[in-house]
Amino acid sequence: MTQAQAKFATFEEYLAYSDETAMEGRYELIDGELVELPPESEPNNWIANNLQFLLALAHLFPRRLIKTHSLELQVPVLQPKDAANRYPDLVVLRPEHLTLTQRRLTITLEMPPPRLVVEVVSPGKTNRDRDYVRKRAQYAVLGIPEYWLIDPEAQTVMVLSLEAGAYREIGVFGMGAAIASVEFPELAIAVDQLWDEESS
């Protein structure tokens with residue numbers, strides 16, 4: 001990971017700078033500094049894209065509301081070294097976000113939260129802690145109603161639903177099971193489909 005030299009006192013300063021500067025790649029803002037994110041791995045990218053396809057096939061909301069890897073989400077900084085922004089692997093937006101993000105695909109703290117955020121967990125303790133602990137805390141404070149963690153190693157999907165400002169575990173769904181969603185109760189996606197190369 002390379003680190004950019006700019007230093008920012010606020011998230012607004014960062015937004016203004018990145019709007020004016022031709023920045024390539026994706027950066028997290030950590031303690032006022034930009035830290036470049038590495039490219040996604042092919043397997044994790046494929047799982048997120050496959051889920052996007054499956055959600056689109058469910059016809060529960062317009063396909064345009066499903067974003068993979070490209071949406072920037074401002075999140076509250078809860079402790080030192082927390083990033084002030086995240087790029088979730090998959091996000092389901094609300095219809096009003098299409099108007100709010102016409103100039104820039106960034107959801108700030110002042111905007112309504114997305115309906116669903118999904119992270120595909122990368123191997124290693126640091127990555128797992130970031131997705132299972134740090135992002136979980138940030139997404140809960142942000143008020144995102146549902147958070148999924150897809151674990152490629154275990155081939156499971158953990159579904160978390162926001163209740164009274166904290167996430168409650170709905171379940172960990174493995175191969176042979178269907179994903180149970182509180183936010184989208186009509187959803188019928190089997191965990192097996194996420195790894196089924198024939199489904200797409």
# chains A, B, ... in the order shown; residues from 1 in each chain; ligands from 1
>>> select_by_dssp(residues="chain A", states="strand (DSSP E)", output="PyMOL selection string")
chain A and resi 3-7+27-30+33-36+66-68+72-74+85-86+90-92+106-107+116-120+146-151+156-163+166-173
>>> residues_around(residues="Thr108 of chain A", least_positions_apart="5", cutoff="12 Å", atoms="only C-alpha atoms", output="count of residues only")
18
>>> atom_distance(atom1="atom CA of Ser181 of chain A", atom2="atom CA of Glu146 of chain A")
8.0 Å
>>> residues_around(residues="segment 52-65 of chain A", least_positions_apart="6", cutoff="12 Å", atoms="only C-alpha atoms", output="ChimeraX atom specification")
/A:45-46,71,89-99,101,105,114-118,179,183-200
>>> select_by_dssp(residues="segment 19-80 of chain A", states="helix (DSSP H, G or I)", output="PyMOL selection string")
chain A and resi 19-20+42-58+63-65
>>> closest_residue(among="A:Glu13, A:Glu42, A:Asp131, A:Glu163", to="Asp151 of chain A", atoms="only C-alpha atoms")
A:Asp131
>>> atom_distance(atom1="atom CA of Pro152 of chain A", atom2="atom CA of Thr68 of chain A")
16.9 Å
>>> closest_residue(among="A:Ser18, A:Ala6, A:Met158, A:Asp82", to="Leu34 of chain A", atoms="only C-alpha atoms")
A:Ala6
>>> closest_residue(among="A:Phe173, A:Tyr132, A:Tyr17, A:Tyr147", to="Ser161 of chain A", atoms="only C-alpha atoms")
A:Tyr147
>>> atom_distance(atom1="atom CA of Gln79 of chain A", atom2="atom CA of Arg134 of chain A")
9.0 Å
